[in-house]
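**Student:** File coords-v1.csv follows (CSV, C-alpha atoms and all ligand atoms):
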```
chain,number,residue,atom,x,y,z
A,1,MET,CA,-122.5,134.4,-32.2
A,2,ALA,CA,-122.3,137.9,-33.5
A,3,GLN,CA,-120.4,139.1,-36.6
A,4,THR,CA,-116.9,140.2,-35.6
A,5,ALA,CA,-115.2,140.4,-39.0
A,6,LYS,CA,-114.1,143.8,-40.4
A,7,ILE,CA,-116.0,144.5,-43.6
A,8,LEU,CA,-113.9,144.8,-46.8
A,9,ASP,CA,-116.1,147.5,-48.3
A,10,GLY,CA,-115.7,147.3,-52.1
A,11,LYS,CA,-118.0,150.4,-52.7
A,12,ALA,CA,-115.8,152.5,-50.5
A,13,ALA,CA,-112.5,151.2,-52.0
A,14,SER,CA,-113.8,151.7,-55.5
A,15,ALA,CA,-114.9,155.2,-54.7
A,16,SER,CA,-111.4,156.1,-53.7
A,17,ILE,CA,-110.0,154.5,-56.9
A,18,LYS,CA,-112.5,156.5,-58.9
A,19,ALA,CA,-111.5,159.7,-57.2
A,20,GLU,CA,-107.8,159.0,-58.1
A,21,LEU,CA,-108.8,158.2,-61.7
A,22,THR,CA,-110.8,161.4,-62.0
A,23,GLU,CA,-107.6,163.3,-61.5
A,24,ARG,CA,-105.7,161.2,-64.0
A,25,VAL,CA,-108.4,161.6,-66.6
A,26,ALA,CA,-108.4,165.4,-66.1
A,27,ALA,CA,-104.6,165.4,-66.5
A,28,LEU,CA,-104.9,163.4,-69.7
A,29,LYS,CA,-107.6,165.8,-71.0
A,30,ALA,CA,-105.2,168.7,-70.3
A,31,ARG,CA,-102.8,166.9,-72.7
A,32,GLY,CA,-105.4,166.6,-75.4
A,33,VAL,CA,-106.3,162.9,-74.7
A,34,THR,CA,-109.7,161.9,-73.5
A,35,PRO,CA,-109.6,158.3,-72.3
A,36,GLY,CA,-112.3,156.3,-74.1
A,37,ILE,CA,-113.8,152.9,-72.9
A,38,ALA,CA,-116.0,150.8,-75.1
A,39,THR,CA,-118.2,147.8,-74.5
A,40,VAL,CA,-119.5,145.2,-77.0
A,41,LEU,CA,-122.8,143.6,-76.1
A,42,VAL,CA,-124.2,140.8,-78.2
A,43,GLY,CA,-127.9,140.0,-77.5
A,44,ALA,CA,-130.2,141.4,-74.8
A,45,ASP,CA,-129.5,139.4,-71.6
A,46,PRO,CA,-130.9,141.5,-68.8
A,47,ALA,CA,-128.0,140.9,-66.4
A,48,SER,CA,-125.4,141.7,-69.1
A,49,GLN,CA,-127.3,144.9,-70.0
A,50,LEU,CA,-127.3,145.9,-66.3
A,51,TYR,CA,-123.5,145.3,-66.0
A,52,VAL,CA,-122.7,147.1,-69.2
A,53,GLY,CA,-124.9,150.0,-68.1
A,54,MET,CA,-123.0,150.3,-64.8
A,55,LYS,CA,-119.6,150.4,-66.6
A,56,HIS,CA,-120.8,153.3,-68.9
A,57,LYS,CA,-122.4,155.3,-66.1
A,58,GLN,CA,-119.3,155.0,-63.9
A,59,SER,CA,-116.9,155.8,-66.7
A,60,LYS,CA,-118.8,158.9,-67.7
A,61,ALA,CA,-118.8,160.0,-64.0
A,62,ILE,CA,-115.0,160.1,-63.9
A,63,GLY,CA,-114.9,162.1,-67.2
A,64,MET,CA,-114.1,159.3,-69.7
A,65,ASN,CA,-115.7,158.9,-73.1
A,66,SER,CA,-117.8,155.8,-73.5
A,67,ILE,CA,-118.7,154.0,-76.7
A,68,GLN,CA,-121.5,151.4,-76.6
A,69,LYS,CA,-121.6,148.7,-79.4
A,70,GLU,CA,-124.7,146.5,-79.5
A,71,LEU,CA,-125.4,143.6,-81.8
A,72,PRO,CA,-128.5,141.4,-82.1
A,73,ALA,CA,-128.4,137.9,-80.4
A,74,ASP,CA,-128.2,136.3,-83.9
A,75,ALA,CA,-125.1,138.4,-85.0
A,76,THR,CA,-122.7,136.4,-87.1
A,77,GLN,CA,-119.0,135.8,-86.2
A,78,GLU,CA,-118.0,138.1,-89.1
A,79,GLN,CA,-120.3,140.9,-87.8
A,80,VAL,CA,-118.8,140.7,-84.3
A,81,GLU,CA,-115.3,140.6,-85.7
A,82,ALA,CA,-116.0,143.6,-87.8
A,83,VAL,CA,-116.9,145.6,-84.6
A,84,ILE,CA,-113.6,144.4,-83.0
A,85,ASP,CA,-111.6,145.5,-86.0
A,86,GLU,CA,-113.4,148.9,-85.8
A,87,LEU,CA,-112.6,149.4,-82.1
A,88,ASN,CA,-109.0,148.3,-82.7
A,89,ALA,CA,-108.6,151.0,-85.3
A,90,ASP,CA,-110.5,153.7,-83.4
A,91,PRO,CA,-108.0,156.1,-81.7
A,92,ALA,CA,-110.8,157.4,-79.5
A,93,CYS,CA,-111.1,153.9,-77.9
A,94,HIS,CA,-108.2,153.2,-75.5
A,95,GLY,CA,-109.7,150.0,-74.0
A,96,TYR,CA,-112.8,147.8,-74.3
A,97,ILE,CA,-114.5,144.6,-73.3
A,98,VAL,CA,-116.6,142.1,-75.1
A,99,GLN,CA,-119.3,141.3,-72.5
A,100,LEU,CA,-119.3,137.6,-71.6
A,101,PRO,CA,-120.9,135.2,-72.0
A,102,LEU,CA,-121.4,135.4,-75.8
A,103,PRO,CA,-124.2,133.5,-77.6
A,104,LYS,CA,-123.3,129.9,-78.1
A,105,HIS,CA,-123.0,130.0,-81.9
A,106,LEU,CA,-120.1,132.4,-81.6
A,107,ASP,CA,-116.4,131.4,-81.2
A,108,THR,CA,-115.6,133.3,-78.0
A,109,ASP,CA,-111.8,132.5,-78.0
A,110,ALA,CA,-111.4,133.8,-81.6
A,111,ILE,CA,-113.2,137.0,-80.8
A,112,LEU,CA,-111.2,137.6,-77.6
A,113,GLU,CA,-107.9,136.9,-79.4
A,114,ARG,CA,-108.8,139.5,-82.0
A,115,ILE,CA,-108.8,142.3,-79.5
A,116,ASP,CA,-105.7,144.5,-79.7
A,117,PRO,CA,-103.8,143.4,-76.6
A,118,ALA,CA,-103.0,147.1,-75.8
A,119,LYS,CA,-106.8,147.7,-75.7
A,120,ASP,CA,-107.7,144.7,-73.6
A,121,ALA,CA,-109.6,146.2,-70.6
A,122,ASP,CA,-110.2,142.8,-68.9
A,123,GLY,CA,-106.4,142.0,-69.0
A,124,LEU,CA,-107.3,138.5,-70.2
A,125,HIS,CA,-105.9,138.5,-73.7
A,126,PRO,CA,-103.5,135.5,-74.3
A,127,THR,CA,-100.7,138.0,-75.0
A,128,ASN,CA,-101.2,139.9,-71.7
A,129,LEU,CA,-101.6,136.7,-69.7
A,130,GLY,CA,-98.4,135.5,-71.3
A,131,LYS,CA,-96.6,138.7,-70.4
A,132,LEU,CA,-97.8,138.4,-66.8
A,133,VAL,CA,-96.4,134.8,-66.6
A,134,LEU,CA,-93.0,136.1,-67.9
A,135,ASN,CA,-92.8,139.0,-65.5
A,136,VAL,CA,-92.4,138.2,-61.8
A,137,ASN,CA,-91.0,141.5,-60.7
A,138,GLY,CA,-90.5,145.1,-62.0
A,139,GLN,CA,-92.7,147.4,-64.0
A,140,ILE,CA,-95.4,145.7,-66.1
A,141,ASP,CA,-96.8,147.7,-69.0
A,142,THR,CA,-99.6,145.5,-70.1
A,143,PRO,CA,-103.2,145.5,-68.8
A,144,LEU,CA,-103.6,143.2,-65.7
A,145,PRO,CA,-106.6,140.9,-65.1
A,146,CYS,CA,-109.1,143.3,-63.5
A,147,THR,CA,-110.9,141.1,-61.0
A,148,PRO,CA,-107.8,139.5,-59.4
A,149,ARG,CA,-106.3,143.0,-59.3
A,150,GLY,CA,-109.5,144.2,-57.6
A,151,VAL,CA,-109.2,141.4,-54.9
A,152,ILE,CA,-105.6,142.6,-54.1
A,153,GLU,CA,-106.5,146.3,-54.1
A,154,LEU,CA,-109.5,145.6,-51.8
A,155,LEU,CA,-107.1,144.0,-49.2
A,156,LEU,CA,-104.3,146.6,-49.6
A,157,ARG,CA,-106.7,149.5,-49.3
A,158,ASN,CA,-108.0,148.0,-46.0
A,159,GLY,CA,-104.5,147.9,-44.6
A,160,TYR,CA,-104.1,144.1,-45.1
A,161,ASP,CA,-100.5,143.1,-46.0
A,162,LEU,CA,-100.3,140.0,-48.1
A,163,LYS,CA,-96.6,139.5,-47.7
A,164,GLY,CA,-95.9,135.9,-46.5
A,165,LYS,CA,-99.6,135.1,-46.2
A,166,HIS,CA,-101.0,131.8,-47.4
A,167,VAL,CA,-103.9,132.4,-49.9
A,168,VAL,CA,-106.2,129.6,-50.9
A,169,VAL,CA,-108.1,130.4,-54.2
A,170,VAL,CA,-111.2,128.3,-54.7
A,171,GLY,CA,-111.9,127.7,-58.4
A,172,ARG,CA,-109.8,127.6,-61.6
A,173,GLY,CA,-111.7,129.7,-63.9
A,174,VAL,CA,-110.1,132.0,-66.5
A,175,THR,CA,-111.3,135.3,-65.0
A,176,ILE,CA,-110.0,134.7,-61.4
A,177,GLY,CA,-108.8,131.2,-60.4
A,178,ARG,CA,-106.1,130.9,-63.0
A,179,PRO,CA,-104.7,134.5,-63.1
A,180,MET,CA,-105.1,135.2,-59.4
A,181,PRO,CA,-101.9,133.3,-58.4
A,182,LEU,CA,-99.9,135.1,-61.1
A,183,LEU,CA,-100.6,138.4,-59.4
A,184,LEU,CA,-100.3,137.1,-55.8
A,185,THR,CA,-96.9,135.5,-56.4
A,186,ARG,CA,-95.3,138.7,-57.9
A,187,ARG,CA,-92.4,139.8,-55.7
A,188,GLU,CA,-94.2,143.1,-54.9
A,189,VAL,CA,-97.1,141.1,-53.3
A,190,ASN,CA,-95.1,138.0,-52.1
A,191,ALA,CA,-98.0,135.8,-51.0
A,192,THR,CA,-98.0,132.0,-51.2
A,193,VAL,CA,-100.9,130.4,-53.1
A,194,THR,CA,-102.8,127.1,-53.2
A,195,VAL,CA,-105.6,126.7,-55.8
A,196,VAL,CA,-108.3,124.2,-55.0
A,197,HIS,CA,-111.1,123.0,-57.3
A,198,THR,CA,-113.5,120.2,-57.9
A,199,GLY,CA,-110.6,117.8,-58.4
A,200,THR,CA,-109.1,118.6,-54.9
A,201,PRO,CA,-109.8,115.7,-52.5
A,202,ASN,CA,-108.9,117.6,-49.3
A,203,MET,CA,-110.3,121.0,-49.9
A,204,SER,CA,-111.6,121.5,-46.4
A,205,GLU,CA,-108.2,120.6,-44.9
A,206,LEU,CA,-106.4,123.2,-47.2
A,207,LEU,CA,-109.0,125.9,-46.5
A,208,LYS,CA,-108.4,125.5,-42.8
A,209,GLN,CA,-104.7,126.5,-43.4
A,210,ALA,CA,-105.6,129.7,-45.2
A,211,ASP,CA,-104.8,133.2,-44.0
A,212,VAL,CA,-106.8,134.5,-47.0
A,213,ILE,CA,-109.6,132.7,-48.9
A,214,VAL,CA,-110.7,133.8,-52.3
A,215,GLY,CA,-114.0,132.1,-53.2
A,216,ALA,CA,-114.2,132.2,-57.0
A,217,ALA,CA,-115.8,128.9,-58.0
A,218,GLY,CA,-119.3,130.3,-58.7
A,219,ALA,CA,-120.7,127.6,-56.5
A,220,LYS,CA,-123.2,128.7,-53.8
A,221,HIS,CA,-121.8,128.6,-50.3
A,222,ILE,CA,-119.0,126.1,-51.2
A,223,VAL,CA,-116.8,127.6,-48.5
A,224,LYS,CA,-118.2,126.6,-45.1
A,225,ALA,CA,-117.8,128.6,-41.9
A,226,ALA,CA,-116.3,125.5,-40.3
A,227,ASP,CA,-113.4,125.6,-42.8
A,228,VAL,CA,-112.4,129.2,-42.0
A,229,LYS,CA,-109.5,129.7,-39.7
A,230,PRO,CA,-110.4,132.3,-37.0
A,231,GLY,CA,-109.3,135.7,-38.1
A,232,ALA,CA,-108.8,134.8,-41.7
A,233,ALA,CA,-109.6,137.3,-44.5
A,234,VAL,CA,-112.4,135.9,-46.7
A,235,LEU,CA,-113.2,137.4,-50.1
A,236,ASP,CA,-116.4,136.3,-51.9
A,237,VAL,CA,-116.2,136.6,-55.7
A,238,GLY,CA,-118.9,134.0,-56.5
A,239,VAL,CA,-122.0,135.0,-58.4
A,240,THR,CA,-124.9,132.5,-58.3
A,241,ARG,CA,-128.2,134.0,-59.3
A,242,GLU,CA,-131.2,132.2,-57.7
A,243,THR,CA,-134.7,132.9,-56.5
A,244,ASP,CA,-134.8,133.5,-52.8
A,245,PRO,CA,-137.3,131.0,-51.4
A,246,GLU,CA,-138.4,133.6,-48.7
A,247,THR,CA,-138.9,136.7,-50.9
A,248,GLY,CA,-139.5,135.1,-54.3
A,249,LYS,CA,-137.1,137.6,-55.8
A,250,SER,CA,-133.9,136.8,-57.8
A,251,ARG,CA,-130.8,137.5,-55.7
A,252,ILE,CA,-127.1,136.8,-55.7
A,253,TYR,CA,-125.6,134.0,-53.6
A,254,GLY,CA,-121.8,134.0,-53.1
A,255,ASP,CA,-119.3,131.2,-52.6
A,256,ILE,CA,-119.0,131.9,-48.9
A,257,GLU,CA,-121.4,130.5,-46.3
A,258,PRO,CA,-122.8,133.7,-44.4
A,259,ALA,CA,-121.8,132.2,-41.0
A,260,ALA,CA,-118.2,132.6,-42.0
A,261,ALA,CA,-118.5,136.3,-40.9
A,262,GLU,CA,-118.6,135.0,-37.3
A,263,VAL,CA,-115.2,133.4,-37.6
A,264,ALA,CA,-113.3,135.5,-40.2
A,265,GLY,CA,-111.2,138.6,-39.3
A,266,TYR,CA,-112.1,140.3,-42.6
A,267,ILE,CA,-114.9,139.6,-45.0
A,268,SER,CA,-116.0,141.1,-48.3
A,269,PRO,CA,-119.7,141.4,-48.7
A,270,ASN,CA,-121.4,140.2,-51.9
A,271,PRO,CA,-122.8,142.3,-53.4
A,272,GLY,CA,-120.8,145.4,-52.4
A,273,GLY,CA,-117.4,143.7,-52.3
A,274,VAL,CA,-115.3,142.5,-55.2
A,275,GLY,CA,-118.0,143.4,-57.9
A,276,PRO,CA,-117.5,147.2,-57.6
A,277,MET,CA,-113.7,146.6,-57.6
A,278,THR,CA,-113.8,144.8,-60.9
A,279,VAL,CA,-115.5,147.9,-62.5
A,280,ALA,CA,-112.9,150.3,-60.9
A,281,LEU,CA,-110.0,148.2,-62.1
A,282,LEU,CA,-111.5,147.8,-65.6
A,283,MET,CA,-111.5,151.6,-65.8
A,284,THR,CA,-108.0,151.8,-64.4
A,285,ASN,CA,-106.8,149.5,-67.2
A,286,VAL,CA,-108.3,151.9,-69.8
A,287,VAL,CA,-106.9,155.0,-68.1
A,288,GLU,CA,-103.5,153.3,-68.0
A,289,ALA,CA,-103.8,152.4,-71.7
A,290,ALA,CA,-104.7,156.0,-72.5
A,291,GLU,CA,-101.6,157.2,-70.5
A,292,ARG,CA,-99.4,154.9,-72.5
A,293,ALA,CA,-101.0,156.2,-75.7
A,294,ALA,CA,-100.4,159.8,-74.7
A,295,ALA,CA,-96.8,159.0,-73.8
A,296,ALA,CA,-96.2,157.4,-77.2
A,297,LYS,CA,-97.7,160.4,-78.9
A,298,ALA,CA,-95.6,162.9,-77.0
B,301,LIG,N1,-115.7,140.7,-70.6
B,301,LIG,C1,-116.2,140.7,-69.4
B,301,LIG,N2,-115.6,141.4,-68.4
B,301,LIG,C2,-116.2,141.4,-67.2
B,301,LIG,O1,-115.6,141.9,-66.2
B,301,LIG,C3,-117.4,140.7,-67.0
B,301,LIG,C4,-118.0,140.1,-68.1
B,301,LIG,N3,-117.4,140.1,-69.3
B,301,LIG,N4,-119.2,139.4,-67.9
B,301,LIG,C5,-119.9,139.4,-66.7
B,301,LIG,C6,-119.0,139.6,-65.5
B,301,LIG,C7,-119.7,140.0,-64.3
B,301,LIG,N5,-119.1,141.3,-63.9
B,301,LIG,C8,-119.5,142.0,-62.8
B,301,LIG,C9,-118.9,143.3,-62.6
B,301,LIG,C10,-119.4,144.1,-61.5
B,301,LIG,C11,-120.4,143.6,-60.7
B,301,LIG,C12,-120.9,144.5,-59.6
B,301,LIG,O2,-120.4,145.6,-59.4
B,301,LIG,N6,-121.9,144.1,-58.8
B,301,LIG,C13,-122.5,144.8,-57.8
B,301,LIG,C14,-124.0,144.5,-57.7
B,301,LIG,C15,-124.7,144.4,-58.9
B,301,LIG,C16,-126.0,143.6,-58.8
B,301,LIG,O3,-126.8,143.9,-57.8
B,301,LIG,O4,-126.2,142.7,-59.6
B,301,LIG,C17,-121.8,144.4,-56.5
B,301,LIG,O5,-121.2,143.3,-56.4
B,301,LIG,O6,-122.0,145.1,-55.5
B,301,LIG,C18,-120.9,142.4,-60.9
B,301,LIG,C19,-120.4,141.6,-61.9
B,301,LIG,C20,-118.2,141.6,-64.8
B,301,LIG,N7,-118.1,140.7,-65.8
```
Rewrite the coordinates I just gave you, this time as structure tokens.
**Tutor:**
Amino acid sequence: MAQTAKILDGKAASASIKAELTERVAALKARGVTPGIATVLVGADPASQLYVGMKHKQSKAIGMNSIQKELPADATQEQVEAVIDELNADPACHGYIVQLPLPKHLDTDAILERIDPAKDADGLHPTNLGKLVLNVNGQIDTPLPCTPRGVIELLLRNGYDLKGKHVVVVGRGVTIGRPMPLLLTRREVNATVTVVHTGTPNMSELLKQADVIVGAAGAKHIVKAADVKPGAAVLDVGVTRETDPETGKSRIYGDIEPAAAEVAGYISPNPGGVGPMTVALLMTNVVEAAERAAAAKA
């Protein structure tokens, strides 16, 4: 059977977000504020270096300042915390991320909690997640979790209306599975959500009821084509890196079985889907933080 699904093109949607951000950055610069993004990278993991490099390249392309902090793999907790304190105090930095995962000897939670919540580009600081839990409607003036926000933007920018839709989120991780329902159930979005995970006995039955599936378990091809309702929107957020047995090269496998594209109505490719959206929304969080800083100064 041929592929019939409409492609949810994350590169195209992220390009339009970046075009909008370019104008907001220019407007901020005209008011004397250059939005600044920073990254903290501990160690020299090649995948992390690639991701951090992408974030800087794209931020510079839209006119932002970017600050790169690098520490050796054996950096101490105190050394990493000193860099956090420095970025918290630096008025040129409006938002930043600590690239995850951190080396095992470091206390990741303590480091992430030390980030000034106003500068939390990931939108995953406990204070910001708490504010999101407490706010179901109305304006929200804290950074939002960027990958879940990217999933919603990818659908909206393809003309998909989530109101009244049943979304099944696969996975309960901190970056997507847990915050995704908080965004989807806000009144402005108004979706209904089920979260399934390894403790769910009837996952296949629940997936078959989904209008929208968000695969975010990080488990290769865990969502089978046979479990996708014809016409459903399927978003692939999974990243499993493995060697392709045919080419011998390292590649990304998603959470969605490729044959799902023959059943789905909409499908996000991976790569080229939610990944680029994450970066676009990360930059959006920093531009919004700079806009708030500029408003506070005025
Ligand atoms: N504090 C923190 N925040 C993060 O947001 C964060 C992190 N740590 N650690 C690692 C993960 C991973 N991540 C990706 C972002 C974009 C792509 C992306 O744009 N990928 C391209 C392809 C890139 C490739 O080929 O590898 C795509 O999907 O088309 C991928 C992965 C952000 N992460």
**Student:** Find the residue from A:His221, A:Arg31, A:Lys60, A:Arg251 that sits nearest to Gly238 of chain A; use only C-alpha atoms when measuring.
**Tutor:** A:His221
**Student:** Using all atoms listed in the file, find the one residue out of A:Val228, A:Ile97, A:Ala296, A:Leu235 that sits nearest to ligand LIG 301 (chain B).
**Tutor:**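 The answer is A:Ile97, which sits nearest to ligand LIG 301 (chain B).
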**Student:** Any idea what the distance is between atom CA of Thr240 of chain A and atom N7 of ligand LIG 301 (chain B)?
**Tutor:**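 Atom N7 of ligand LIG 301 (chain B) lies 13.0 Å from atom CA of Thr240 of chain A.
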**Student:** Residues near segment 148-157 of chain A, anyone? I mean within 8 Å using all atoms listed in the file, not counting same-chain ones fewer than 4 positions away, as an NGL selection string.
**Tutor:** :A and (8-10 or 13 or 144 or 161-162 or 175-176 or 179-180 or 183-184 or 235 or 274 or 277-278 or 280-281)
**Student:** Restricting the output to C-alpha atoms, write the selected residues as a PDB file, in the frame of the given file.
**Tutor:**
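This went into out.pdb:
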```pdb
ATOM      1  CA  LEU A   8    -113.900 144.800 -46.800  1.00  0.00           C
ATOM      2  CA  ASP A   9    -116.100 147.500 -48.300  1.00  0.00           C
ATOM      3  CA  GLY A  10    -115.700 147.300 -52.100  1.00  0.00           C
ATOM      4  CA  ALA A  13    -112.500 151.200 -52.000  1.00  0.00           C
ATOM      5  CA  LEU A 144    -103.600 143.200 -65.700  1.00  0.00           C
ATOM      6  CA  ASP A 161    -100.500 143.100 -46.000  1.00  0.00           C
ATOM      7  CA  LEU A 162    -100.300 140.000 -48.100  1.00  0.00           C
ATOM      8  CA  THR A 175    -111.300 135.300 -65.000  1.00  0.00           C
ATOM      9  CA  ILE A 176    -110.000 134.700 -61.400  1.00  0.00           C
ATOM     10  CA  PRO A 179    -104.700 134.500 -63.100  1.00  0.00           C
ATOM     11  CA  MET A 180    -105.100 135.200 -59.400  1.00  0.00           C
ATOM     12  CA  LEU A 183    -100.600 138.400 -59.400  1.00  0.00           C
ATOM     13  CA  LEU A 184    -100.300 137.100 -55.800  1.00  0.00           C
ATOM     14  CA  LEU A 235    -113.200 137.400 -50.100  1.00  0.00           C
ATOM     15  CA  VAL A 274    -115.300 142.500 -55.200  1.00  0.00           C
ATOM     16  CA  MET A 277    -113.700 146.600 -57.600  1.00  0.00           C
ATOM     17  CA  THR A 278    -113.800 144.800 -60.900  1.00  0.00           C
ATOM     18  CA  ALA A 280    -112.900 150.300 -60.900  1.00  0.00           C
ATOM     19  CA  LEU A 281    -110.000 148.200 -62.100  1.00  0.00           C
TER      20      LEU A 281
END
```
**Student:** Of the candidates A:Leu129, A:Ile256, A:Leu112, A:Leu71, which shows the shortest atom-to-atom distance to ligand LIG 301 (chain B), using all atoms listed in the file?
**Tutor:**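 Closest to ligand LIG 301 (chain B) of all the choices is A:Leu112.
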**Student:** With a distance cut-off of 9 Å and all atoms listed in the file, select the neighbouring residues of segment 130-135 of chain A, excluding the residue or stretch itself and same-chain residues fewer than 3 positions from it, and output the selection as an MDAnalysis selection string.
**Tutor:** chainID A and resid 125:127 138:140 142 144 179 182:183 186
**Student:** Select from chain A every residue with an atom at most 9 Å from any atom of ligand LIG 301 (chain B), then for each give the shortest pair of atoms and their distance in Å to one decimal, using only C-alpha atoms and all ligand atoms, rows by chain and rising number, as a tab-separated table.
**Tutor:**
```
residue	atom	partner	partner_atom	distance
A:Gly10	CA	B:LIG301	O6	7.5
A:Lys11	CA	B:LIG301	O6	7.2
A:Thr39	CA	B:LIG301	N1	8.5
A:Val40	CA	B:LIG301	N1	8.7
A:Ala47	CA	B:LIG301	O4	7.3
A:Ser48	CA	B:LIG301	C5	6.4
A:Leu50	CA	B:LIG301	O4	7.5
A:Tyr51	CA	B:LIG301	C9	6.1
A:Val52	CA	B:LIG301	C20	8.4
A:Met54	CA	B:LIG301	O2	7.6
A:Lys55	CA	B:LIG301	C10	8.1
A:Tyr96	CA	B:LIG301	N1	8.5
A:Ile97	CA	B:LIG301	N1	4.9
A:Val98	CA	B:LIG301	N1	4.8
A:Gln99	CA	B:LIG301	N3	3.9
A:Leu100	CA	B:LIG301	N3	3.9
A:Pro101	CA	B:LIG301	N4	6.1
A:Leu102	CA	B:LIG301	N3	9.0
A:Leu112	CA	B:LIG301	N1	8.9
A:Ala121	CA	B:LIG301	N2	8.0
A:Asp122	CA	B:LIG301	N2	5.6
A:Leu124	CA	B:LIG301	N1	8.7
A:Cys146	CA	B:LIG301	O1	7.2
A:Thr147	CA	B:LIG301	O1	7.1
A:Thr175	CA	B:LIG301	O1	8.0
A:Val237	CA	B:LIG301	O5	8.4
A:Val239	CA	B:LIG301	C19	7.6
A:Arg241	CA	B:LIG301	O4	8.9
A:Arg251	CA	B:LIG301	O3	7.8
A:Ile252	CA	B:LIG301	O4	7.1
A:Pro269	CA	B:LIG301	O5	8.1
A:Asn270	CA	B:LIG301	O5	5.5
A:Pro271	CA	B:LIG301	O5	3.5
A:Gly272	CA	B:LIG301	O6	3.3
A:Gly273	CA	B:LIG301	O5	5.6
A:Val274	CA	B:LIG301	O5	6.1
A:Gly275	CA	B:LIG301	O5	3.5
A:Pro276	CA	B:LIG301	O2	3.8
A:Met277	CA	B:LIG301	O2	7.0
A:Thr278	CA	B:LIG301	C9	5.6
A:Val279	CA	B:LIG301	C10	5.5
A:Ala280	CA	B:LIG301	O2	9.0
A:Leu282	CA	B:LIG301	O1	7.2
```
**Student:** Take the selection from the previous step and output its residues with C-alpha atoms, as an mmCIF file, in the coordinates of the input.
**Tutor:**
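As a result, selection.cif now contains:
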```cif
data_model
loop_
_atom_site.group_PDB
_atom_site.id
_atom_site.type_symbol
_atom_site.label_atom_id
_atom_site.label_comp_id
_atom_site.auth_asym_id
_atom_site.auth_seq_id
_atom_site.Cartn_x
_atom_site.Cartn_y
_atom_site.Cartn_z
ATOM 1 C CA GLY A 10 -115.700 147.300 -52.100
ATOM 2 C CA LYS A 11 -118.000 150.400 -52.700
ATOM 3 C CA THR A 39 -118.200 147.800 -74.500
ATOM 4 C CA VAL A 40 -119.500 145.200 -77.000
ATOM 5 C CA ALA A 47 -128.000 140.900 -66.400
ATOM 6 C CA SER A 48 -125.400 141.700 -69.100
ATOM 7 C CA LEU A 50 -127.300 145.900 -66.300
ATOM 8 C CA TYR A 51 -123.500 145.300 -66.000
ATOM 9 C CA VAL A 52 -122.700 147.100 -69.200
ATOM 10 C CA MET A 54 -123.000 150.300 -64.800
ATOM 11 C CA LYS A 55 -119.600 150.400 -66.600
ATOM 12 C CA TYR A 96 -112.800 147.800 -74.300
ATOM 13 C CA ILE A 97 -114.500 144.600 -73.300
ATOM 14 C CA VAL A 98 -116.600 142.100 -75.100
ATOM 15 C CA GLN A 99 -119.300 141.300 -72.500
ATOM 16 C CA LEU A 100 -119.300 137.600 -71.600
ATOM 17 C CA PRO A 101 -120.900 135.200 -72.000
ATOM 18 C CA LEU A 102 -121.400 135.400 -75.800
ATOM 19 C CA LEU A 112 -111.200 137.600 -77.600
ATOM 20 C CA ALA A 121 -109.600 146.200 -70.600
ATOM 21 C CA ASP A 122 -110.200 142.800 -68.900
ATOM 22 C CA LEU A 124 -107.300 138.500 -70.200
ATOM 23 C CA CYS A 146 -109.100 143.300 -63.500
ATOM 24 C CA THR A 147 -110.900 141.100 -61.000
ATOM 25 C CA THR A 175 -111.300 135.300 -65.000
ATOM 26 C CA VAL A 237 -116.200 136.600 -55.700
ATOM 27 C CA VAL A 239 -122.000 135.000 -58.400
ATOM 28 C CA ARG A 241 -128.200 134.000 -59.300
ATOM 29 C CA ARG A 251 -130.800 137.500 -55.700
ATOM 30 C CA ILE A 252 -127.100 136.800 -55.700
ATOM 31 C CA PRO A 269 -119.700 141.400 -48.700
ATOM 32 C CA ASN A 270 -121.400 140.200 -51.900
ATOM 33 C CA PRO A 271 -122.800 142.300 -53.400
ATOM 34 C CA GLY A 272 -120.800 145.400 -52.400
ATOM 35 C CA GLY A 273 -117.400 143.700 -52.300
ATOM 36 C CA VAL A 274 -115.300 142.500 -55.200
ATOM 37 C CA GLY A 275 -118.000 143.400 -57.900
ATOM 38 C CA PRO A 276 -117.500 147.200 -57.600
ATOM 39 C CA MET A 277 -113.700 146.600 -57.600
ATOM 40 C CA THR A 278 -113.800 144.800 -60.900
ATOM 41 C CA VAL A 279 -115.500 147.900 -62.500
ATOM 42 C CA ALA A 280 -112.900 150.300 -60.900
ATOM 43 C CA LEU A 282 -111.500 147.800 -65.600
#
```
**Student:** For a quick check of understanding, using only C-alpha atoms, which of A:Ala225, A:Val169, A:Met283, A:Ala73 has the smallest distance to Glu262 of chain A?
**Tutor:**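 Between A:Ala225, A:Val169, A:Met283, A:Ala73, the residue approaching Glu262 of chain A most closely is A:Ala225.
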**Student:** In Å to one decimal, how far is atom CA of Gly36 of chain A from atom CA of Pro91 of chain A?
**Tutor:**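 So the answer is 8.7 Å.
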**Student:** Excluding Ala232 of chain A and residues on its chain fewer than 5 positions from it, collect all residues at most 6 Å away from it, counting only C-alpha atoms, and give them as JSON, numbers by chain.
**Tutor:** {"A": [211, 212, 264, 265]}
**Student:** Which residues come within 6 Å of Ala219 of chain A, counting only C-alpha atoms, excluding same-chain residues fewer than 2 positions away, as a ChimeraX atom specification?
**Tutor:** /A:217,222,255
**Student:** For atom CA of Gln209 of chain A and atom CA of Ala5 of chain A, determine how far apart the two atoms are, in Å to one decimal place.
**Tutor:** 18.0 Å
